[in-house]
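Enquirer: Coordinates in query_36.txt, compact mmCIF, N, CA and C atoms, are listed below.
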```
# COMPACT_ATOMS: atom_id res chain seq x y z
N MET T 1 129.90 135.40 -90.25
CA MET T 1 130.65 134.17 -90.34
C MET T 1 132.07 134.48 -90.78
N ARG T 2 133.03 133.90 -90.12
CA ARG T 2 134.43 134.05 -90.50
C ARG T 2 134.93 132.71 -91.01
N LEU T 3 135.64 132.76 -92.12
CA LEU T 3 136.19 131.54 -92.70
C LEU T 3 137.58 131.86 -93.21
N THR T 4 138.58 131.26 -92.58
CA THR T 4 139.95 131.37 -93.05
C THR T 4 140.60 130.01 -92.86
N GLY T 5 141.63 129.74 -93.64
CA GLY T 5 142.35 128.48 -93.52
C GLY T 5 141.85 127.45 -94.51
N PRO T 6 142.07 126.17 -94.20
CA PRO T 6 141.70 125.10 -95.13
C PRO T 6 140.19 125.08 -95.41
N ALA T 7 139.84 124.83 -96.67
CA ALA T 7 138.44 124.78 -97.08
C ALA T 7 138.31 123.87 -98.29
N LEU T 8 137.08 123.64 -98.70
CA LEU T 8 136.82 122.88 -99.93
C LEU T 8 136.09 123.78 -100.92
N ARG T 9 136.47 123.65 -102.18
CA ARG T 9 135.77 124.33 -103.27
C ARG T 9 134.98 123.28 -104.03
N LEU T 10 133.67 123.42 -104.03
CA LEU T 10 132.77 122.55 -104.76
C LEU T 10 132.40 123.29 -106.05
N THR T 11 132.64 122.65 -107.20
CA THR T 11 132.29 123.26 -108.47
C THR T 11 131.35 122.32 -109.21
N VAL T 12 130.22 122.84 -109.64
CA VAL T 12 129.22 122.08 -110.38
C VAL T 12 129.12 122.68 -111.77
N TYR T 13 129.45 121.88 -112.80
CA TYR T 13 129.41 122.33 -114.19
C TYR T 13 128.14 121.79 -114.83
N VAL T 14 127.30 122.68 -115.32
CA VAL T 14 126.04 122.31 -115.97
C VAL T 14 125.84 123.23 -117.18
N GLY T 15 124.75 123.02 -117.91
CA GLY T 15 124.39 123.92 -119.00
C GLY T 15 123.50 125.03 -118.48
N GLU T 16 123.58 126.19 -119.13
CA GLU T 16 122.80 127.32 -118.63
C GLU T 16 121.29 127.09 -118.74
N HIS T 17 120.86 126.17 -119.59
CA HIS T 17 119.43 125.90 -119.72
C HIS T 17 118.98 124.66 -118.96
N ASP T 18 119.86 124.05 -118.18
CA ASP T 18 119.44 122.93 -117.33
C ASP T 18 118.51 123.49 -116.26
N THR T 19 117.45 122.74 -115.98
CA THR T 19 116.45 123.24 -115.04
C THR T 19 116.17 122.25 -113.92
N TRP T 20 115.58 122.78 -112.87
CA TRP T 20 115.05 122.01 -111.75
C TRP T 20 113.67 122.58 -111.47
N ARG T 21 112.63 121.78 -111.77
CA ARG T 21 111.25 122.21 -111.57
C ARG T 21 110.98 123.58 -112.20
N HIS T 22 111.32 123.72 -113.46
CA HIS T 22 111.07 124.91 -114.28
C HIS T 22 111.86 126.14 -113.84
N LYS T 23 112.90 125.95 -113.04
CA LYS T 23 113.75 127.04 -112.58
C LYS T 23 115.17 126.71 -113.02
N PRO T 24 116.01 127.71 -113.37
CA PRO T 24 117.38 127.38 -113.76
C PRO T 24 118.09 126.59 -112.66
N LEU T 25 118.76 125.52 -113.06
CA LEU T 25 119.45 124.65 -112.09
C LEU T 25 120.50 125.42 -111.31
N PHE T 26 121.24 126.32 -112.00
CA PHE T 26 122.27 127.07 -111.28
C PHE T 26 121.66 127.93 -110.18
N ALA T 27 120.48 128.49 -110.41
CA ALA T 27 119.81 129.30 -109.40
C ALA T 27 119.37 128.44 -108.22
N GLU T 28 118.87 127.25 -108.50
CA GLU T 28 118.46 126.33 -107.42
C GLU T 28 119.66 125.94 -106.57
N LEU T 29 120.81 125.69 -107.21
CA LEU T 29 122.02 125.34 -106.46
C LEU T 29 122.44 126.48 -105.54
N VAL T 30 122.41 127.70 -106.03
CA VAL T 30 122.78 128.86 -105.21
C VAL T 30 121.81 129.02 -104.04
N HIS T 31 120.51 128.90 -104.31
CA HIS T 31 119.52 129.05 -103.24
C HIS T 31 119.65 127.95 -102.20
N ARG T 32 119.91 126.73 -102.62
CA ARG T 32 120.10 125.64 -101.65
C ARG T 32 121.36 125.85 -100.82
N ALA T 33 122.42 126.32 -101.45
CA ALA T 33 123.65 126.60 -100.70
C ALA T 33 123.40 127.69 -99.66
N HIS T 34 122.64 128.69 -100.04
CA HIS T 34 122.29 129.77 -99.11
C HIS T 34 121.45 129.25 -97.96
N GLN T 35 120.44 128.43 -98.28
CA GLN T 35 119.59 127.84 -97.24
C GLN T 35 120.39 126.96 -96.29
N ALA T 36 121.42 126.30 -96.82
CA ALA T 36 122.27 125.43 -95.99
C ALA T 36 123.25 126.23 -95.15
N GLY T 37 123.29 127.55 -95.35
CA GLY T 37 124.18 128.39 -94.55
C GLY T 37 125.63 128.33 -94.98
N LEU T 38 125.87 127.93 -96.23
CA LEU T 38 127.25 127.85 -96.70
C LEU T 38 127.84 129.26 -96.86
N ALA T 39 129.15 129.35 -96.86
CA ALA T 39 129.83 130.64 -96.85
C ALA T 39 129.54 131.49 -98.08
N GLY T 40 129.43 130.86 -99.25
CA GLY T 40 129.15 131.65 -100.45
C GLY T 40 129.07 130.79 -101.68
N ALA T 41 128.43 131.32 -102.70
CA ALA T 41 128.29 130.63 -103.98
C ALA T 41 128.30 131.67 -105.09
N SER T 42 128.94 131.34 -106.20
CA SER T 42 128.97 132.22 -107.37
C SER T 42 128.70 131.39 -108.61
N VAL T 43 128.08 132.03 -109.61
CA VAL T 43 127.79 131.38 -110.88
C VAL T 43 128.61 132.08 -111.96
N PHE T 44 129.32 131.28 -112.76
CA PHE T 44 130.13 131.80 -113.84
C PHE T 44 129.64 131.20 -115.15
N ARG T 45 129.34 132.06 -116.10
CA ARG T 45 128.85 131.62 -117.41
C ARG T 45 130.03 131.55 -118.36
N GLY T 46 130.21 130.38 -118.98
CA GLY T 46 131.30 130.20 -119.91
C GLY T 46 130.98 130.76 -121.27
N ILE T 47 132.01 131.06 -122.04
CA ILE T 47 131.81 131.54 -123.40
C ILE T 47 132.00 130.43 -124.42
N GLU T 48 132.58 129.31 -123.96
CA GLU T 48 132.75 128.18 -124.85
C GLU T 48 133.11 126.96 -124.02
N GLY T 49 132.69 125.78 -124.48
CA GLY T 49 133.04 124.56 -123.78
C GLY T 49 132.34 123.35 -124.36
N PHE T 50 132.76 122.17 -123.89
CA PHE T 50 132.08 120.94 -124.24
C PHE T 50 132.18 120.00 -123.06
N GLY T 51 131.30 119.01 -123.06
CA GLY T 51 131.27 118.05 -121.97
C GLY T 51 131.19 116.65 -122.51
N ALA T 52 130.47 115.79 -121.78
CA ALA T 52 130.39 114.38 -122.13
C ALA T 52 129.80 114.14 -123.51
N SER T 53 128.97 115.06 -123.99
CA SER T 53 128.35 114.89 -125.30
C SER T 53 129.33 115.18 -126.44
N SER T 54 130.45 115.79 -126.13
CA SER T 54 131.47 116.22 -127.10
C SER T 54 130.97 117.27 -128.08
N LEU T 55 129.82 117.85 -127.83
CA LEU T 55 129.30 118.94 -128.66
C LEU T 55 129.84 120.25 -128.10
N ILE T 56 130.50 121.04 -128.95
CA ILE T 56 131.05 122.32 -128.50
C ILE T 56 129.94 123.37 -128.49
N HIS T 57 129.81 124.03 -127.35
CA HIS T 57 128.86 125.13 -127.19
C HIS T 57 129.68 126.40 -127.14
N THR T 58 129.31 127.38 -127.94
CA THR T 58 130.09 128.62 -127.99
C THR T 58 129.17 129.81 -128.17
N SER T 59 129.62 130.94 -127.67
CA SER T 59 128.85 132.17 -127.85
C SER T 59 129.16 132.82 -129.19
N ARG T 60 130.13 132.27 -129.91
CA ARG T 60 130.54 132.87 -131.19
C ARG T 60 129.64 132.47 -132.35
N LEU T 61 128.95 131.36 -132.24
CA LEU T 61 128.08 130.90 -133.32
C LEU T 61 126.64 130.90 -132.83
N LEU T 62 125.78 131.63 -133.51
CA LEU T 62 124.40 131.75 -133.06
C LEU T 62 123.71 130.40 -132.94
N SER T 63 123.99 129.48 -133.84
CA SER T 63 123.27 128.21 -133.82
C SER T 63 123.64 127.34 -132.62
N LEU T 64 124.79 127.59 -132.00
CA LEU T 64 125.21 126.76 -130.87
C LEU T 64 125.24 127.52 -129.55
N SER T 65 124.75 128.76 -129.54
CA SER T 65 124.87 129.57 -128.34
C SER T 65 123.70 129.39 -127.38
N GLU T 66 122.93 128.35 -127.57
CA GLU T 66 121.72 128.19 -126.77
C GLU T 66 121.93 127.57 -125.40
N ASP T 67 123.03 126.86 -125.19
CA ASP T 67 123.22 126.19 -123.90
C ASP T 67 124.68 126.26 -123.49
N LEU T 68 125.13 127.47 -123.14
CA LEU T 68 126.52 127.66 -122.77
C LEU T 68 126.81 127.01 -121.41
N PRO T 69 128.09 126.68 -121.17
CA PRO T 69 128.44 126.07 -119.89
C PRO T 69 128.33 127.06 -118.74
N VAL T 70 127.97 126.55 -117.59
CA VAL T 70 127.85 127.34 -116.37
C VAL T 70 128.56 126.59 -115.26
N ALA T 71 129.33 127.31 -114.46
CA ALA T 71 130.00 126.72 -113.29
C ALA T 71 129.45 127.40 -112.04
N VAL T 72 128.98 126.59 -111.11
CA VAL T 72 128.54 127.09 -109.81
C VAL T 72 129.64 126.72 -108.82
N VAL T 73 130.25 127.71 -108.21
CA VAL T 73 131.37 127.49 -107.30
C VAL T 73 130.91 127.84 -105.88
N ILE T 74 131.11 126.88 -104.97
CA ILE T 74 130.71 127.04 -103.57
C ILE T 74 131.92 126.70 -102.71
N ILE T 75 132.24 127.56 -101.75
CA ILE T 75 133.39 127.33 -100.88
C ILE T 75 132.95 127.40 -99.43
N ASP T 76 133.40 126.41 -98.65
CA ASP T 76 133.16 126.40 -97.21
C ASP T 76 134.09 125.36 -96.60
N THR T 77 133.89 125.07 -95.32
CA THR T 77 134.72 124.05 -94.67
C THR T 77 134.39 122.68 -95.26
N ALA T 78 135.32 121.77 -95.13
CA ALA T 78 135.12 120.41 -95.65
C ALA T 78 133.86 119.79 -95.05
N GLU T 79 133.67 119.95 -93.77
CA GLU T 79 132.51 119.36 -93.08
C GLU T 79 131.19 119.87 -93.66
N ARG T 80 131.09 121.16 -93.88
CA ARG T 80 129.85 121.75 -94.38
C ARG T 80 129.61 121.41 -95.85
N ILE T 81 130.67 121.36 -96.64
CA ILE T 81 130.52 120.98 -98.06
C ILE T 81 130.08 119.52 -98.15
N HIS T 82 130.71 118.65 -97.37
CA HIS T 82 130.32 117.23 -97.41
C HIS T 82 128.87 117.03 -96.97
N ALA T 83 128.40 117.83 -96.03
CA ALA T 83 127.01 117.74 -95.60
C ALA T 83 126.05 118.19 -96.70
N PHE T 84 126.52 119.05 -97.60
CA PHE T 84 125.68 119.58 -98.69
C PHE T 84 125.63 118.62 -99.89
N LEU T 85 126.62 117.75 -100.05
CA LEU T 85 126.71 116.89 -101.24
C LEU T 85 125.47 116.05 -101.53
N PRO T 86 124.76 115.49 -100.54
CA PRO T 86 123.56 114.70 -100.86
C PRO T 86 122.51 115.48 -101.66
N GLN T 87 122.46 116.79 -101.51
CA GLN T 87 121.49 117.57 -102.29
C GLN T 87 121.83 117.52 -103.79
N LEU T 88 123.10 117.36 -104.11
CA LEU T 88 123.50 117.29 -105.51
C LEU T 88 122.97 116.02 -106.18
N ASP T 89 122.86 114.94 -105.41
CA ASP T 89 122.31 113.69 -105.96
C ASP T 89 120.90 113.91 -106.48
N GLU T 90 120.16 114.75 -105.80
CA GLU T 90 118.79 115.05 -106.20
C GLU T 90 118.74 116.02 -107.39
N LEU T 91 119.65 116.98 -107.43
CA LEU T 91 119.56 118.08 -108.40
C LEU T 91 120.31 117.85 -109.71
N VAL T 92 121.49 117.27 -109.64
CA VAL T 92 122.37 117.19 -110.82
C VAL T 92 122.28 115.81 -111.43
N THR T 93 121.54 115.70 -112.53
CA THR T 93 121.43 114.42 -113.23
C THR T 93 122.42 114.31 -114.36
N GLU T 94 122.82 115.46 -114.94
CA GLU T 94 123.85 115.53 -115.97
C GLU T 94 124.78 116.67 -115.62
N GLY T 95 126.05 116.47 -115.82
CA GLY T 95 127.02 117.51 -115.53
C GLY T 95 128.23 116.92 -114.85
N LEU T 96 129.08 117.77 -114.35
CA LEU T 96 130.32 117.37 -113.69
C LEU T 96 130.38 118.08 -112.35
N VAL T 97 130.77 117.35 -111.32
CA VAL T 97 130.92 117.92 -109.98
C VAL T 97 132.34 117.63 -109.53
N THR T 98 133.06 118.67 -109.08
CA THR T 98 134.42 118.47 -108.59
C THR T 98 134.56 119.06 -107.19
N LEU T 99 135.51 118.51 -106.44
CA LEU T 99 135.88 119.02 -105.13
C LEU T 99 137.38 119.28 -105.14
N ASP T 100 137.78 120.45 -104.69
CA ASP T 100 139.20 120.80 -104.61
C ASP T 100 139.49 121.38 -103.24
N GLU T 101 140.62 120.95 -102.68
CA GLU T 101 141.06 121.58 -101.45
C GLU T 101 141.59 122.97 -101.79
N CYS T 102 141.31 123.92 -100.93
CA CYS T 102 141.81 125.28 -101.13
C CYS T 102 142.08 125.89 -99.76
N ARG T 103 142.63 127.07 -99.77
CA ARG T 103 142.89 127.80 -98.53
C ARG T 103 142.27 129.17 -98.65
N VAL T 104 141.42 129.52 -97.71
CA VAL T 104 140.79 130.84 -97.69
C VAL T 104 141.73 131.80 -96.97
N ILE T 105 142.08 132.86 -97.66
CA ILE T 105 142.97 133.88 -97.09
C ILE T 105 142.16 134.95 -96.37
N ARG T 106 141.08 135.38 -96.99
CA ARG T 106 140.23 136.40 -96.39
C ARG T 106 138.80 136.18 -96.84
N TYR T 107 137.89 136.27 -95.92
CA TYR T 107 136.46 136.17 -96.20
C TYR T 107 135.78 137.21 -95.33
N ALA T 108 135.30 138.28 -95.94
CA ALA T 108 134.67 139.35 -95.17
C ALA T 108 133.57 139.98 -96.01
N ALA T 109 132.57 140.47 -95.34
CA ALA T 109 131.47 141.16 -96.02
C ALA T 109 131.94 142.53 -96.48
N ARG T 110 131.27 143.05 -97.50
CA ARG T 110 131.58 144.41 -97.96
C ARG T 110 131.35 145.39 -96.83
N GLY T 111 132.26 146.33 -96.71
CA GLY T 111 132.13 147.35 -95.68
C GLY T 111 132.61 146.89 -94.32
N ALA T 112 133.01 145.61 -94.20
CA ALA T 112 133.51 145.13 -92.91
C ALA T 112 134.89 145.71 -92.67
N GLU T 113 135.15 146.08 -91.44
CA GLU T 113 136.45 146.63 -91.10
C GLU T 113 137.48 145.51 -91.11
N PRO T 114 138.66 145.74 -91.69
CA PRO T 114 139.68 144.69 -91.72
C PRO T 114 140.20 144.40 -90.32
N PRO T 115 140.76 143.20 -90.11
CA PRO T 115 141.30 142.87 -88.79
C PRO T 115 142.37 143.89 -88.40
N GLY T 116 142.37 144.29 -87.13
CA GLY T 116 143.40 145.20 -86.65
C GLY T 116 143.01 146.67 -86.69
N GLY T 117 141.77 146.99 -87.06
CA GLY T 117 141.36 148.38 -86.97
C GLY T 117 141.02 149.01 -88.28
N ALA T 118 141.15 150.34 -88.30
CA ALA T 118 140.72 151.13 -89.46
C ALA T 118 141.56 150.82 -90.69
N SER T 119 140.95 151.04 -91.82
CA SER T 119 141.59 150.78 -93.10
C SER T 119 142.72 151.77 -93.34
N GLY T 120 143.85 151.25 -93.82
CA GLY T 120 144.95 152.11 -94.19
C GLY T 120 144.82 152.59 -95.62
N GLY T 121 143.82 152.11 -96.36
CA GLY T 121 143.61 152.53 -97.73
C GLY T 121 144.41 151.69 -98.71
N THR T 122 143.94 151.66 -99.94
CA THR T 122 144.62 150.95 -101.01
C THR T 122 144.62 151.84 -102.22
N ALA T 123 145.29 151.42 -103.28
CA ALA T 123 145.30 152.19 -104.51
C ALA T 123 143.88 152.40 -105.02
N ARG T 124 142.99 151.45 -104.73
CA ARG T 124 141.60 151.58 -105.16
C ARG T 124 140.89 152.69 -104.41
N ASP T 125 141.32 152.97 -103.18
CA ASP T 125 140.65 153.96 -102.35
C ASP T 125 141.17 155.37 -102.58
N THR T 126 142.31 155.52 -103.25
CA THR T 126 142.92 156.83 -103.37
C THR T 126 142.51 157.51 -104.66
N PRO T 127 142.41 158.84 -104.65
CA PRO T 127 142.10 159.56 -105.89
C PRO T 127 143.18 159.27 -106.93
N GLY T 128 142.76 159.08 -108.15
CA GLY T 128 143.70 158.77 -109.22
C GLY T 128 144.12 157.33 -109.24
N GLY T 129 143.56 156.49 -108.35
CA GLY T 129 143.89 155.08 -108.31
C GLY T 129 143.31 154.36 -109.53
N PRO T 130 143.62 153.09 -109.70
CA PRO T 130 143.22 152.33 -110.88
C PRO T 130 141.72 152.31 -111.16
N THR T 131 140.87 152.40 -110.15
CA THR T 131 139.44 152.29 -110.41
C THR T 131 138.85 153.51 -111.10
N ASN T 132 139.53 154.66 -111.00
CA ASN T 132 138.98 155.80 -111.69
C ASN T 132 139.90 156.27 -112.82
N GLY T 133 140.64 155.36 -113.39
CA GLY T 133 141.35 155.60 -114.63
C GLY T 133 142.72 156.24 -114.49
N GLY T 134 143.11 156.70 -113.33
CA GLY T 134 144.41 157.34 -113.17
C GLY T 134 145.51 156.33 -112.89
N THR T 135 146.67 156.82 -112.67
CA THR T 135 147.79 155.95 -112.28
C THR T 135 147.99 156.07 -110.80
N PRO T 136 148.41 154.97 -110.16
CA PRO T 136 148.62 155.03 -108.71
C PRO T 136 149.68 156.06 -108.35
N ARG T 137 149.49 156.76 -107.25
CA ARG T 137 150.47 157.79 -106.81
C ARG T 137 151.38 157.25 -105.76
```
Starting from the coordinates I provided, produce the structure as structure tokens.
Expert:
Amino acid sequence: MRLTGPALRLTVYVGEHDTWRHKPLFAELVHRAHQAGLAGASVFRGIEGFGASSLIHTSRLLSLSEDLPVAVVIIDTAERIHAFLPQLDELVTEGLVTLDECRVIRYAARGAEPPGGASGGTARDTPGGPTNGGTPR
């Protein structure tokens, strides 16, 4: 699947212990997005936050670190994201859901050859590049 140009970013903010049928809600959202054939989904765990309850959840205090915020981010075309939204009515009973317009610059699988032929290499690909602790040459 190739996706470039205008797109929608769907972000679902929930607690890490929110569940759907005894399974983490964030995992159910990712699996449903995958089943729907959406371009991709990622889960980000927050280190601190609060929501409608105004209770601050933080990883710094043991007594409040039980339900940290989680953001599930899904990006695809507007048409495909809008088709997926009815599933959220079933799954998300508490939380925040946002939609943002965005522009996809590049969407490619790992190991995929870049457009226009063979890779010219990057600082990451060269010996002594940033990924192995050296300075770029």
Enquirer: Write out as an MDAnalysis selection string each polymer residue whose atoms come within 6.5 Å of range 40-54 of chain T, counting all atoms listed in the file; drop sequence neighbours fewer than 6 positions from it.
Expert: chainID T and resid 30 60 68:76
Enquirer: Counting only C-alpha atoms, find the residues whose atoms lie at most 10 Å from (140.8, 119.0, -105.2) (file coordinates) and write them out as a PDB file with N, CA and C atoms, keeping the file's coordinate frame.
Expert:
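Resulting contents of out_19.pdb:
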```
ATOM      1  N   LEU T   8     137.080 123.640 -98.700  1.00  0.00           N
ATOM      2  CA  LEU T   8     136.820 122.880 -99.930  1.00  0.00           C
ATOM      3  C   LEU T   8     136.090 123.780-100.920  1.00  0.00           C
ATOM      4  N   ARG T   9     136.470 123.650-102.180  1.00  0.00           N
ATOM      5  CA  ARG T   9     135.770 124.330-103.270  1.00  0.00           C
ATOM      6  C   ARG T   9     134.980 123.280-104.030  1.00  0.00           C
ATOM      7  N   LEU T  10     133.670 123.420-104.030  1.00  0.00           N
ATOM      8  CA  LEU T  10     132.770 122.550-104.760  1.00  0.00           C
ATOM      9  C   LEU T  10     132.400 123.290-106.050  1.00  0.00           C
ATOM     10  N   THR T  98     133.060 118.670-109.080  1.00  0.00           N
ATOM     11  CA  THR T  98     134.420 118.470-108.590  1.00  0.00           C
ATOM     12  C   THR T  98     134.560 119.060-107.190  1.00  0.00           C
ATOM     13  N   LEU T  99     135.510 118.510-106.440  1.00  0.00           N
ATOM     14  CA  LEU T  99     135.880 119.020-105.130  1.00  0.00           C
ATOM     15  C   LEU T  99     137.380 119.280-105.140  1.00  0.00           C
ATOM     16  N   ASP T 100     137.780 120.450-104.690  1.00  0.00           N
ATOM     17  CA  ASP T 100     139.200 120.800-104.610  1.00  0.00           C
ATOM     18  C   ASP T 100     139.490 121.380-103.240  1.00  0.00           C
ATOM     19  N   GLU T 101     140.620 120.950-102.680  1.00  0.00           N
ATOM     20  CA  GLU T 101     141.060 121.580-101.450  1.00  0.00           C
ATOM     21  C   GLU T 101     141.590 122.970-101.790  1.00  0.00           C
ATOM     22  N   CYS T 102     141.310 123.920-100.930  1.00  0.00           N
ATOM     23  CA  CYS T 102     141.810 125.280-101.130  1.00  0.00           C
ATOM     24  C   CYS T 102     142.080 125.890 -99.760  1.00  0.00           C
TER      25      CYS T 102
END
```
Enquirer: CA of Ala36 in chain T to CA of Asp18 in chain T: how many Å, to one decimal?
Expert: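 CA of Ala36 in chain T sits 21.7 Å away from CA of Asp18 in chain T.
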Enquirer: Could you work out how far atom C of Asp67 in chain T lies from atom C of Glu16 in chain T, giving the answer in Å with one decimal?
Expert: 5.9 Å
Enquirer: In terms of the shortest atom-to-atom distance over all atoms listed in the file, which of T:Trp20, T:Thr77, T:Arg32, T:Val97 is closest to Pro6 in chain T?
Expert: T:Thr77
Enquirer: What parts of range 43-112 of chain T does DSSP call strand (DSSP E or B)? I'd like the answer as a list in words.
Expert: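 Selection result, strand (DSSP E or B) within range 43-112 of chain T: Val43, Phe44, Arg45, Glu48, Gly49, His57, Thr58, Pro69, Val70, Ala71, Val72, Val73, Ile74, Ile75, Asp76, Leu96, Val97, Thr98, Leu99, Asp100, Glu101, Cys102, Arg103 and Val104 of chain T.
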Enquirer: Please, what distance in Å, to one decimal, runs between atom C of Val14 in chain T and atom N of Asp89 in chain T?
Expert: 14.7 Å
Enquirer: Find, counting all atoms listed in the file, the residue in T:Ala78, T:Glu28, T:Arg110, T:Phe84 that gets nearest to Ala7 in chain T.
Expert: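 The answer is T:Ala78, which sits nearest to Ala7 in chain T.
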Enquirer: Excluding Leu3 in chain T and residues on its chain fewer than 5 positions from it, collect all residues at most 10 Å away from it, counting only C-alpha atoms, and give them as a PyMOL selection string.
Expert: chain T and resi 39+75-77+103-108
Enquirer: Report the centre and edge lengths, in Å to one decimal, of an axis-aligned box enclosing every atom of range 87-106 of chain T listed in the file, padded by 8 Å on each side, as lines of an AutoDock Vina configuration file.
Expert:
```
center_x = 130.9
center_y = 125.0
center_z = -106.2
size_x = 40.2
size_y = 38.7
size_z = 35.6
```
